[in-house]
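Have a look at run.pdb below; it lists PDB, C-alpha atoms.
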ATOM      1  CA  MET A   1       9.473   6.307  58.025
ATOM      2  CA  ASP A   2       9.379   3.541  55.412
ATOM      3  CA  LEU A   3      12.316   1.227  56.106
ATOM      4  CA  GLU A   4      12.457  -2.123  54.332
ATOM      5  CA  SER A   5      14.299  -5.036  55.845
ATOM      6  CA  SER A   6      15.636  -8.080  54.004
ATOM      7  CA  ARG A   7      18.179 -10.818  54.707
ATOM      8  CA  HIS A   8      20.864 -11.817  52.246
ATOM      9  CA  GLY A   9      22.858 -14.634  53.810
ATOM     10  CA  PRO A  10      24.742 -13.077  56.690
ATOM     11  CA  TYR A  11      23.752  -9.532  55.748
ATOM     12  CA  HIS A  12      20.830  -7.540  56.984
ATOM     13  CA  LEU A  13      19.925  -5.060  54.284
ATOM     14  CA  ILE A  14      17.852  -2.077  55.384
ATOM     15  CA  THR A  15      16.544   0.077  52.544
ATOM     16  CA  VAL A  16      15.335   3.604  53.222
ATOM     17  CA  ASN A  17      12.270   4.114  51.021
ATOM     18  CA  ALA A  18      12.213   7.878  51.461
ATOM     19  CA  PRO A  19      13.715  10.846  49.610
ATOM     20  CA  ARG A  20      14.992  12.648  52.712
ATOM     21  CA  ILE A  21      16.319  12.019  56.205
ATOM     22  CA  ASP A  22      15.948  15.508  57.642
ATOM     23  CA  ALA A  23      14.944  17.240  60.870
ATOM     24  CA  ALA A  24      11.321  16.240  60.263
ATOM     25  CA  GLN A  25      12.240  12.553  59.853
ATOM     26  CA  ALA A  26      15.281  12.026  62.062
ATOM     27  CA  ILE A  27      13.442  10.672  65.104
ATOM     28  CA  ALA A  28      11.250   8.353  63.016
ATOM     29  CA  PHE A  29      14.371   7.065  61.264
ATOM     30  CA  LYS A  30      16.155   6.397  64.563
ATOM     31  CA  ASP A  31      13.104   4.638  66.021
ATOM     32  CA  GLY A  32      12.773   2.485  62.911
ATOM     33  CA  MET A  33      16.456   1.567  62.927
ATOM     34  CA  ARG A  34      16.358   0.750  66.628
ATOM     35  CA  ALA A  35      13.449  -1.630  66.077
ATOM     36  CA  MET A  36      15.136  -3.308  63.102
ATOM     37  CA  THR A  37      18.587  -3.762  64.600
ATOM     38  CA  ALA A  38      17.603  -4.586  68.195
ATOM     39  CA  GLU A  39      18.099  -8.314  67.697
ATOM     40  CA  GLY A  40      20.917 -10.234  66.091
ATOM     41  CA  ASP A  41      24.558  -9.568  65.450
ATOM     42  CA  ASP A  42      24.613  -9.667  61.647
ATOM     43  CA  HIS A  43      26.249  -7.068  59.450
ATOM     44  CA  VAL A  44      23.849  -4.283  58.622
ATOM     45  CA  VAL A  45      23.977  -2.600  55.214
ATOM     46  CA  LEU A  46      21.968   0.614  55.030
ATOM     47  CA  ASP A  47      20.870   1.302  51.456
ATOM     48  CA  LEU A  48      20.560   5.080  50.996
ATOM     49  CA  GLY A  49      20.078   4.922  47.227
ATOM     50  CA  GLN A  50      16.669   6.607  47.320
ATOM     51  CA  VAL A  51      17.722   9.294  49.787
ATOM     52  CA  GLN A  52      18.421  12.484  47.858
ATOM     53  CA  PHE A  53      19.126  14.748  50.829
ATOM     54  CA  ILE A  54      20.166  14.646  54.470
ATOM     55  CA  ASP A  55      20.710  17.549  56.844
ATOM     56  CA  SER A  56      22.747  17.529  60.058
ATOM     57  CA  SER A  57      19.805  15.998  61.943
ATOM     58  CA  GLY A  58      19.679  13.165  59.434
ATOM     59  CA  LEU A  59      23.428  12.690  59.664
ATOM     60  CA  GLY A  60      23.144  12.567  63.454
ATOM     61  CA  ALA A  61      20.387   9.976  63.160
ATOM     62  CA  ILE A  62      22.555   7.757  60.941
ATOM     63  CA  VAL A  63      25.414   8.068  63.453
ATOM     64  CA  ALA A  64      22.936   7.175  66.211
ATOM     65  CA  ALA A  65      21.939   4.088  64.215
ATOM     66  CA  LEU A  66      25.600   3.069  64.004
ATOM     67  CA  LYS A  67      25.978   3.482  67.765
ATOM     68  CA  MET A  68      22.854   1.371  68.394
ATOM     69  CA  THR A  69      24.521  -1.601  66.732
ATOM     70  CA  GLY A  70      27.019  -1.723  69.577
ATOM     71  CA  PRO A  71      30.713  -2.570  69.590
ATOM     72  CA  GLY A  72      32.001  -5.080  67.073
ATOM     73  CA  ARG A  73      28.914  -5.103  64.867
ATOM     74  CA  ARG A  74      29.095  -3.439  61.474
ATOM     75  CA  LEU A  75      26.744  -0.952  59.923
ATOM     76  CA  ASP A  76      27.894  -0.086  56.422
ATOM     77  CA  LEU A  77      26.340   2.409  54.028
ATOM     78  CA  ALA A  78      25.606   1.881  50.365
ATOM     79  CA  CYS A  79      24.555   3.881  47.313
ATOM     80  CA  LEU A  80      25.051   7.437  48.552
ATOM     81  CA  THR A  81      23.549  10.036  46.213
ATOM     82  CA  PRO A  82      25.651  13.163  45.503
ATOM     83  CA  ASP A  83      24.230  15.540  48.132
ATOM     84  CA  VAL A  84      24.289  12.848  50.800
ATOM     85  CA  ALA A  85      27.892  11.956  49.932
ATOM     86  CA  LYS A  86      28.789  15.646  50.190
ATOM     87  CA  VAL A  87      27.493  15.886  53.765
ATOM     88  CA  PHE A  88      29.464  12.776  54.765
ATOM     89  CA  ARG A  89      32.618  14.099  53.080
ATOM     90  CA  LEU A  90      32.434  17.604  54.570
ATOM     91  CA  THR A  91      31.867  16.328  58.108
ATOM     92  CA  ARG A  92      34.516  13.622  57.602
ATOM     93  CA  MET A  93      31.964  10.998  58.590
ATOM     94  CA  ASN A  94      33.067   9.170  55.439
ATOM     95  CA  SER A  95      36.106   8.158  57.515
ATOM     96  CA  ILE A  96      33.889   6.543  60.153
ATOM     97  CA  PHE A  97      31.573   4.489  57.956
ATOM     98  CA  VAL A  98      32.438   1.877  55.354
ATOM     99  CA  ILE A  99      30.681   3.223  52.266
ATOM    100  CA  HIS A 100      29.926   1.009  49.259
ATOM    101  CA  ALA A 101      29.150   2.313  45.790
ATOM    102  CA  SER A 102      26.550  -0.390  45.144
ATOM    103  CA  LEU A 103      24.697  -3.137  46.964
ATOM    104  CA  GLU A 104      26.601  -5.773  44.974
ATOM    105  CA  ASP A 105      29.816  -4.139  46.103
ATOM    106  CA  ALA A 106      28.670  -4.126  49.730
ATOM    107  CA  ILE A 107      27.843  -7.791  49.758
ATOM    108  CA  SER A 108      30.742  -9.079  47.652
ATOM    109  CA  ARG A 109      33.304  -7.168  49.723
ATOM    110  CA  GLN A 110      31.833  -8.394  52.940
ATOM    111  CA  ALA A 111      31.803 -11.941  51.645
ATOM    112  CA  GLY A 112      35.426 -11.692  50.578
TER     113      GLY A 112
ATOM    114  CA  MET B   1      10.771  28.969  34.939
ATOM    115  CA  THR B   2      11.474  26.223  32.440
ATOM    116  CA  ARG B   3      14.222  26.312  29.876
ATOM    117  CA  ARG B   4      11.652  26.789  27.155
ATOM    118  CA  ALA B   5      10.098  29.688  29.053
ATOM    119  CA  ARG B   6      13.492  31.334  29.391
ATOM    120  CA  HIS B   7      14.010  30.945  25.692
ATOM    121  CA  ARG B   8      10.714  32.699  25.050
ATOM    122  CA  ALA B   9      11.869  35.475  27.372
ATOM    123  CA  GLY B  10      14.556  36.253  24.842
ATOM    124  CA  GLU B  11      17.620  34.784  26.518
ATOM    125  CA  PRO B  12      20.382  33.304  24.435
ATOM    126  CA  GLY B  13      20.883  29.565  24.152
ATOM    127  CA  GLY B  14      22.761  27.829  26.932
ATOM    128  CA  ALA B  15      21.019  30.022  29.470
ATOM    129  CA  ARG B  16      20.830  27.162  31.930
ATOM    130  CA  LYS B  17      24.551  27.584  32.515
ATOM    131  CA  THR B  18      24.160  31.290  33.148
ATOM    132  CA  PRO B  19      22.021  31.847  36.208
ATOM    133  CA  ARG B  20      19.289  34.410  35.912
ATOM    134  CA  LEU B  21      20.032  37.206  38.313
ATOM    135  CA  GLU B  22      16.533  37.967  39.544
ATOM    136  CA  ARG B  23      16.083  37.740  43.279
ATOM    137  CA  LYS B  24      13.130  36.053  44.902
ATOM    138  CA  LEU B  25      11.531  36.298  48.332
ATOM    139  CA  PHE B  26      10.272  33.145  50.075
ATOM    140  CA  HIS B  27       8.120  32.951  53.196
ATOM    141  CA  VAL B  28       8.974  29.876  55.222
ATOM    142  CA  LEU B  29       7.033  28.706  58.269
ATOM    143  CA  ALA B  30       9.584  27.947  60.986
ATOM    144  CA  THR B  31       8.545  24.354  61.624
ATOM    145  CA  GLU B  32      10.154  21.124  60.459
ATOM    146  CA  GLN B  33       7.508  20.642  57.777
ATOM    147  CA  GLY B  34       7.535  24.324  56.867
ATOM    148  CA  VAL B  35      11.295  24.255  56.362
ATOM    149  CA  ARG B  36      11.005  21.138  54.231
ATOM    150  CA  ALA B  37       8.384  22.760  51.986
ATOM    151  CA  GLY B  38      10.392  25.985  51.757
ATOM    152  CA  LEU B  39      13.556  24.129  50.783
ATOM    153  CA  ALA B  40      11.697  22.337  47.990
ATOM    154  CA  ASP B  41      10.474  25.684  46.615
ATOM    155  CA  MET B  42      13.949  27.210  46.856
ATOM    156  CA  ARG B  43      15.588  24.252  45.163
ATOM    157  CA  ASP B  44      13.097  24.520  42.288
ATOM    158  CA  PHE B  45      13.922  28.213  41.996
ATOM    159  CA  LEU B  46      17.666  27.575  41.961
ATOM    160  CA  GLY B  47      17.318  24.866  39.327
ATOM    161  CA  ASP B  48      15.182  27.141  37.175
ATOM    162  CA  ALA B  49      17.716  29.934  37.725
ATOM    163  CA  GLY B  50      20.325  27.764  36.029
ATOM    164  CA  PHE B  51      22.426  26.391  38.873
ATOM    165  CA  ASP B  52      23.644  22.839  38.370
ATOM    166  CA  ALA B  53      22.764  19.979  40.703
ATOM    167  CA  ASP B  54      25.988  20.307  42.694
ATOM    168  CA  ALA B  55      25.419  24.007  43.370
ATOM    169  CA  CYS B  56      21.766  23.379  44.214
ATOM    170  CA  GLY B  57      22.838  20.696  46.696
ATOM    171  CA  THR B  58      25.370  22.973  48.359
ATOM    172  CA  ALA B  59      22.792  25.757  48.639
ATOM    173  CA  GLU B  60      20.159  23.420  50.043
ATOM    174  CA  ILE B  61      22.543  22.117  52.720
ATOM    175  CA  VAL B  62      23.351  25.679  53.857
ATOM    176  CA  LEU B  63      19.725  26.852  53.754
ATOM    177  CA  ALA B  64      18.507  23.711  55.532
ATOM    178  CA  GLU B  65      20.918  24.199  58.415
ATOM    179  CA  ALA B  66      20.177  27.911  58.768
ATOM    180  CA  LEU B  67      16.399  27.381  58.675
ATOM    181  CA  ASN B  68      16.467  24.345  60.976
ATOM    182  CA  ASN B  69      18.420  26.385  63.517
ATOM    183  CA  ILE B  70      15.748  29.086  63.403
ATOM    184  CA  ALA B  71      12.904  26.572  63.724
ATOM    185  CA  GLU B  72      14.593  24.721  66.585
ATOM    186  CA  HIS B  73      16.084  27.608  68.556
ATOM    187  CA  ALA B  74      14.769  31.056  67.591
ATOM    188  CA  PHE B  75      11.148  29.931  67.947
ATOM    189  CA  ALA B  76      11.738  27.245  70.581
ATOM    190  CA  ALA B  77       9.735  29.108  73.235
ATOM    191  CA  THR B  78       7.135  30.790  71.069
ATOM    192  CA  GLU B  79       4.716  29.987  68.300
ATOM    193  CA  ALA B  80       6.533  29.373  65.038
ATOM    194  CA  GLY B  81       6.916  32.531  62.994
ATOM    195  CA  VAL B  82       7.400  33.095  59.318
ATOM    196  CA  VAL B  83      10.980  33.424  58.084
ATOM    197  CA  ARG B  84      11.660  35.678  55.120
ATOM    198  CA  VAL B  85      14.343  34.323  52.808
ATOM    199  CA  THR B  86      15.569  36.381  49.869
ATOM    200  CA  LEU B  87      17.704  34.492  47.371
ATOM    201  CA  THR B  88      19.828  36.538  45.008
ATOM    202  CA  PRO B  89      21.604  34.463  42.347
ATOM    203  CA  GLY B  90      24.962  35.635  41.048
ATOM    204  CA  HIS B  91      26.923  34.309  38.113
ATOM    205  CA  HIS B  92      28.794  31.766  40.239
ATOM    206  CA  SER B  93      27.365  32.550  43.641
ATOM    207  CA  LEU B  94      24.227  32.862  45.693
ATOM    208  CA  THR B  95      23.359  35.328  48.433
ATOM    209  CA  ALA B  96      20.692  34.381  50.958
ATOM    210  CA  GLN B  97      19.253  36.972  53.317
ATOM    211  CA  ILE B  98      17.315  35.298  56.093
ATOM    212  CA  VAL B  99      15.171  37.350  58.471
ATOM    213  CA  ASP B 100      13.197  36.019  61.435
ATOM    214  CA  THR B 101      11.397  37.482  64.441
ATOM    215  CA  GLY B 102      12.551  34.822  66.910
ATOM    216  CA  THR B 103      14.932  35.172  69.828
ATOM    217  CA  ALA B 104      18.455  36.429  69.157
ATOM    218  CA  LEU B 105      21.454  34.176  68.775
ATOM    219  CA  PRO B 106      23.282  33.764  72.113
ATOM    220  CA  GLU B 107      25.669  36.672  72.683
ATOM    221  CA  LEU B 108      24.515  38.027  69.308
ATOM    222  CA  CYS B 109      27.122  35.895  67.634
ATOM    223  CA  PRO B 110      26.809  32.925  65.253
ATOM    224  CA  PRO B 111      28.587  29.858  66.678
ATOM    225  CA  SER B 112      32.124  29.237  65.449
ATOM    226  CA  GLY B 113      31.026  25.879  64.056
ATOM    227  CA  GLN B 114      33.976  23.671  64.904
ATOM    228  CA  LEU B 115      33.696  20.102  63.638
ATOM    229  CA  PRO B 116      33.080  17.843  66.656
ATOM    230  CA  PRO B 117      36.000  15.475  67.271
ATOM    231  CA  LEU B 118      35.591  12.042  65.672
ATOM    232  CA  ARG B 119      38.172  10.279  67.821
ATOM    233  CA  GLY B 120      37.433   7.575  70.336
ATOM    234  CA  THR B 121      35.057   4.664  70.326
ATOM    235  CA  LYS B 122      31.894   4.159  68.343
ATOM    236  CA  ARG B 123      29.891   5.059  71.428
ATOM    237  CA  SER B 124      31.551   8.474  71.728
ATOM    238  CA  LEU B 125      30.811   9.574  68.154
ATOM    239  CA  PRO B 126      28.990  12.913  67.927
ATOM    240  CA  GLU B 127      25.350  12.920  66.817
ATOM    241  CA  GLY B 128      25.076  16.689  66.553
ATOM    242  CA  GLY B 129      27.048  19.889  66.278
ATOM    243  CA  PHE B 130      27.415  19.714  62.508
ATOM    244  CA  GLY B 131      24.977  22.444  61.521
ATOM    245  CA  TRP B 132      27.080  25.601  61.909
ATOM    246  CA  PHE B 133      30.147  23.709  60.715
ATOM    247  CA  LEU B 134      28.350  22.967  57.428
ATOM    248  CA  ILE B 135      27.122  26.555  57.119
ATOM    249  CA  ARG B 136      30.574  28.029  57.738
ATOM    250  CA  THR B 137      32.350  25.498  55.522
ATOM    251  CA  LEU B 138      30.078  26.103  52.551
ATOM    252  CA  THR B 139      29.727  29.885  52.819
ATOM    253  CA  GLU B 140      32.352  32.384  51.777
ATOM    254  CA  CYS B 141      30.925  35.179  53.889
ATOM    255  CA  LEU B 142      28.485  35.208  56.797
ATOM    256  CA  CYS B 143      27.017  38.229  58.537
ATOM    257  CA  TYR B 144      24.573  38.313  61.473
ATOM    258  CA  THR B 145      22.884  41.372  62.916
ATOM    259  CA  ARG B 146      20.030  41.906  65.354
ATOM    260  CA  HIS B 147      17.868  44.833  64.348
ATOM    261  CA  ALA B 148      14.379  45.941  65.423
ATOM    262  CA  ASP B 149      13.724  42.628  67.203
ATOM    263  CA  GLU B 150      14.637  40.686  64.085
ATOM    264  CA  ASN B 151      17.545  38.392  63.287
ATOM    265  CA  HIS B 152      19.224  39.154  59.982
ATOM    266  CA  LEU B 153      21.536  36.468  58.658
ATOM    267  CA  CYS B 154      23.235  37.044  55.332
ATOM    268  CA  LEU B 155      25.041  34.121  53.719
ATOM    269  CA  HIS B 156      27.117  34.301  50.575
ATOM    270  CA  ILE B 157      27.897  31.026  48.824
ATOM    271  CA  SER B 158      30.523  30.850  46.095
ATOM    272  CA  PHE B 159      30.264  27.803  43.877
ATOM    273  CA  PHE B 160      33.933  27.576  42.971
ATOM    274  CA  ALA B 161      36.430  26.456  45.550
ATOM    275  CA  PRO B 162      39.350  28.890  45.898
ATOM    276  CA  GLY B 163      42.299  27.914  43.719
ATOM    277  CA  THR B 164      40.364  25.964  41.126
ATOM    278  CA  ASP B 165      40.832  26.748  37.465
ATOM    279  CA  ALA B 166      37.254  27.910  37.220
ATOM    280  CA  ALA B 167      37.700  30.323  40.113
ATOM    281  CA  ARG B 168      40.878  31.748  38.609
ATOM    282  CA  SER B 169      39.360  32.260  35.211
ATOM    283  CA  ASP B 170      36.471  34.051  36.891
ATOM    284  CA  ARG B 171      38.737  36.748  38.349
TER     285      ARG B 171
END
Can you give me the file's structure in the form of structure tokens?
Amino acid sequence: MDLESSRHGPYHLITVNAPRIDAAQAIAFKDGMRAMTAEGDDHVVLDLGQVQFIDSSGLGAIVAALKMTGPGRRLDLACLTPDVAKVFRLTRMNSIFVIHASLEDAISRQAG
Amino acid sequence: MTRRARHRAGEPGGARKTPRLERKLFHVLATEQGVRAGLADMRDFLGDAGFDADACGTAEIVLAEALNNIAEHAFAATEAGVVRVTLTPGHHSLTAQIVDTGTALPELCPPSGQLPPLRGTKRSLPEGGFGWFLIRTLTECLCYTRHADENHLCLHISFFAPGTDAARSDR
């Protein structure tokens, strides 16, 4: 899966360059996230702006990515598209993650 | 069918807000990639049928979970079969009849689909168990039967939440 990593001060931005995180992609997503977040203790912001759809496997993979970051380290989400936001809302996972409407929002709130 | 094509077919203007009521049968290979391809075809059909993006998203979530369950469980021990999905659009609803030749659901009963508890520490968060919860939450009516070595799952999705103005005016 095409995950793009960039550093913005104290933030580690990971952008998912894919239209779906589904059953066919969940393991590749988890493996990619594990590799990218294995080192460091910086705040991770996962940019889902290009992801148009997730199923329950994709949701589980995003939860797994959160758990990989370990206690005390943040993994926030940004730029949820409507169908993705719906899955988070229905499963109440929107109460577990900090979700930002935009990348600017994610970084300015964390800085503040 | 495109909007222009519908217009040629003699439908009145604004047809995209009034779903066409023709049903369509899809054959979906019960693999991860097969499900993905089938969902793309079904979403195109629903968009062409006039459902808005929100309704299409709801339908795709339900269909994805139902088809993933079949690919992962019904054909877990055998070669992947072909699932027959018949979509029947209604004015503010969609009925999906899903038939597969895989193994039966345990105890011939669809799971109750309780949302896994989200309490506790980060480490204890659930990574699965959302599929049937999503199906049951987004469907108004769900019926499963086992007949002639086939699983028949019928899902009815209503696109207005009970109690909304739109739902009331529809009665």
Return the single residue from B:Thr31, B:Thr121, B:Asn69, B:Thr86 that is closest to Ile98 of chain B, with distances computed using all atoms listed in the file.
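Among the listed residues, the smallest separation from Ile98 of chain B belongs to B:Thr86.
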Between B:Ser158, B:Gln114, B:Thr103, B:Thr95, which residue has the minimum interatomic distance to chain A, considering only C-alpha atoms?
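Under the stated criterion, the closest residue is B:Gln114.
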Neighbours of chain A in chain B at 12 Å, counting all atoms listed in the file, as a PyMOL selection string:
chain B and resi 30-37+39-40+43+53-69+71-72+113-138
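With distances restricted to all atoms listed in the file, A:Gly49 is the closest residue to Ala101 of chain A from A:Thr15, A:Leu75, A:Gly49, A:Arg89.
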To one decimal place, how far is atom CA of Thr78 of chain B from atom CA of Ala148 of chain B in Å?
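Taking atom CA of Thr78 of chain B and atom CA of Ala148 of chain B, their separation equals 17.7 Å.
In this structure, atom CA of Asp47 of chain A sits 16.9 Å away from atom CA of Arg73 of chain A.
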Residue completion, segment 14-25 of chain A, all heavy atoms, as a PDB file, keeping the file's coordinate frame:
ATOM      1  N   ILE A  14      18.954  -2.977  55.031  1.00  0.00           N
ATOM      2  CA  ILE A  14      17.852  -2.077  55.384  1.00  0.00           C
ATOM      3  C   ILE A  14      17.813  -0.972  54.331  1.00  0.00           C
ATOM      4  O   ILE A  14      18.785  -0.231  54.150  1.00  0.00           O
ATOM      5  CB  ILE A  14      18.026  -1.488  56.797  1.00  0.00           C
ATOM      6  CG1 ILE A  14      18.060  -2.616  57.834  1.00  0.00           C
ATOM      7  CG2 ILE A  14      16.898  -0.501  57.108  1.00  0.00           C
ATOM      8  CD1 ILE A  14      18.297  -2.152  59.270  1.00  0.00           C
ATOM      9  N   THR A  15      16.701  -0.902  53.625  1.00  0.00           N
ATOM     10  CA  THR A  15      16.544   0.077  52.544  1.00  0.00           C
ATOM     11  C   THR A  15      15.644   1.207  53.021  1.00  0.00           C
ATOM     12  O   THR A  15      14.559   0.965  53.551  1.00  0.00           O
ATOM     13  CB  THR A  15      15.913  -0.598  51.307  1.00  0.00           C
ATOM     14  OG1 THR A  15      16.745  -1.685  50.912  1.00  0.00           O
ATOM     15  CG2 THR A  15      15.781   0.396  50.162  1.00  0.00           C
ATOM     16  N   VAL A  16      16.134   2.435  52.849  1.00  0.00           N
ATOM     17  CA  VAL A  16      15.335   3.604  53.222  1.00  0.00           C
ATOM     18  C   VAL A  16      14.484   3.998  52.015  1.00  0.00           C
ATOM     19  O   VAL A  16      15.000   4.486  51.011  1.00  0.00           O
ATOM     20  CB  VAL A  16      16.243   4.783  53.645  1.00  0.00           C
ATOM     21  CG1 VAL A  16      15.396   5.980  54.068  1.00  0.00           C
ATOM     22  CG2 VAL A  16      17.186   4.371  54.759  1.00  0.00           C
ATOM     23  N   ASN A  17      13.184   3.767  52.116  1.00  0.00           N
ATOM     24  CA  ASN A  17      12.270   4.114  51.021  1.00  0.00           C
ATOM     25  C   ASN A  17      11.726   5.521  51.245  1.00  0.00           C
ATOM     26  O   ASN A  17      10.532   5.723  51.449  1.00  0.00           O
ATOM     27  CB  ASN A  17      11.120   3.113  50.946  1.00  0.00           C
ATOM     28  CG  ASN A  17      11.583   1.743  50.473  1.00  0.00           C
ATOM     29  OD1 ASN A  17      12.461   1.639  49.604  1.00  0.00           O
ATOM     30  ND2 ASN A  17      11.026   0.697  51.043  1.00  0.00           N
ATOM     31  N   ALA A  18      12.624   6.491  51.227  1.00  0.00           N
ATOM     32  CA  ALA A  18      12.213   7.878  51.461  1.00  0.00           C
ATOM     33  C   ALA A  18      13.228   8.785  50.785  1.00  0.00           C
ATOM     34  O   ALA A  18      14.412   8.442  50.704  1.00  0.00           O
ATOM     35  CB  ALA A  18      12.148   8.176  52.957  1.00  0.00           C
ATOM     36  N   PRO A  19      12.786   9.955  50.308  1.00  0.00           N
ATOM     37  CA  PRO A  19      13.715  10.846  49.610  1.00  0.00           C
ATOM     38  C   PRO A  19      14.585  11.696  50.528  1.00  0.00           C
ATOM     39  O   PRO A  19      15.558  12.290  50.068  1.00  0.00           O
ATOM     40  CB  PRO A  19      12.780  11.736  48.777  1.00  0.00           C
ATOM     41  CG  PRO A  19      11.495  11.748  49.531  1.00  0.00           C
ATOM     42  CD  PRO A  19      11.388  10.408  50.212  1.00  0.00           C
ATOM     43  N   ARG A  20      14.227  11.774  51.813  1.00  0.00           N
ATOM     44  CA  ARG A  20      14.992  12.648  52.712  1.00  0.00           C
ATOM     45  C   ARG A  20      15.091  12.029  54.098  1.00  0.00           C
ATOM     46  O   ARG A  20      14.159  11.385  54.567  1.00  0.00           O
ATOM     47  CB  ARG A  20      14.300  14.011  52.883  1.00  0.00           C
ATOM     48  CG  ARG A  20      14.069  14.776  51.616  1.00  0.00           C
ATOM     49  CD  ARG A  20      13.225  16.006  51.878  1.00  0.00           C
ATOM     50  NE  ARG A  20      13.956  17.083  52.503  1.00  0.00           N
ATOM     51  CZ  ARG A  20      14.660  17.991  51.826  1.00  0.00           C
ATOM     52  NH1 ARG A  20      14.738  17.935  50.520  1.00  0.00           N
ATOM     53  NH2 ARG A  20      15.295  18.947  52.463  1.00  0.00           N
ATOM     54  N   ILE A  21      16.237  12.225  54.757  1.00  0.00           N
ATOM     55  CA  ILE A  21      16.319  12.019  56.205  1.00  0.00           C
ATOM     56  C   ILE A  21      16.703  13.388  56.753  1.00  0.00           C
ATOM     57  O   ILE A  21      17.867  13.788  56.698  1.00  0.00           O
ATOM     58  CB  ILE A  21      17.352  10.949  56.600  1.00  0.00           C
ATOM     59  CG1 ILE A  21      17.108   9.642  55.839  1.00  0.00           C
ATOM     60  CG2 ILE A  21      17.288  10.697  58.102  1.00  0.00           C
ATOM     61  CD1 ILE A  21      18.181   8.573  56.094  1.00  0.00           C
ATOM     62  N   ASP A  22      15.716  14.135  57.212  1.00  0.00           N
ATOM     63  CA  ASP A  22      15.948  15.508  57.642  1.00  0.00           C
ATOM     64  C   ASP A  22      15.402  15.698  59.053  1.00  0.00           C
ATOM     65  O   ASP A  22      15.011  14.728  59.718  1.00  0.00           O
ATOM     66  CB  ASP A  22      15.345  16.500  56.636  1.00  0.00           C
ATOM     67  CG  ASP A  22      13.844  16.298  56.459  1.00  0.00           C
ATOM     68  OD1 ASP A  22      13.232  15.545  57.240  1.00  0.00           O
ATOM     69  OD2 ASP A  22      13.293  16.903  55.512  1.00  0.00           O
ATOM     70  N   ALA A  23      15.388  16.958  59.501  1.00  0.00           N
ATOM     71  CA  ALA A  23      14.944  17.240  60.870  1.00  0.00           C
ATOM     72  C   ALA A  23      13.542  16.688  61.129  1.00  0.00           C
ATOM     73  O   ALA A  23      13.237  16.235  62.235  1.00  0.00           O
ATOM     74  CB  ALA A  23      14.991  18.745  61.124  1.00  0.00           C
ATOM     75  N   ALA A  24      12.698  16.708  60.095  1.00  0.00           N
ATOM     76  CA  ALA A  24      11.321  16.240  60.263  1.00  0.00           C
ATOM     77  C   ALA A  24      11.238  14.712  60.361  1.00  0.00           C
ATOM     78  O   ALA A  24      10.240  14.180  60.824  1.00  0.00           O
ATOM     79  CB  ALA A  24      10.461  16.735  59.098  1.00  0.00           C
ATOM     80  N   GLN A  25      12.282  14.016  59.931  1.00  0.00           N
ATOM     81  CA  GLN A  25      12.240  12.553  59.853  1.00  0.00           C
ATOM     82  C   GLN A  25      13.265  11.860  60.739  1.00  0.00           C
ATOM     83  O   GLN A  25      13.269  10.630  60.830  1.00  0.00           O
ATOM     84  CB  GLN A  25      12.495  12.110  58.400  1.00  0.00           C
ATOM     85  CG  GLN A  25      11.309  12.335  57.477  1.00  0.00           C
ATOM     86  CD  GLN A  25      10.202  11.334  57.756  1.00  0.00           C
ATOM     87  OE1 GLN A  25      10.449  10.159  57.942  1.00  0.00           O
ATOM     88  NE2 GLN A  25       8.979  11.817  57.799  1.00  0.00           N
TER      89      GLN A  25
END
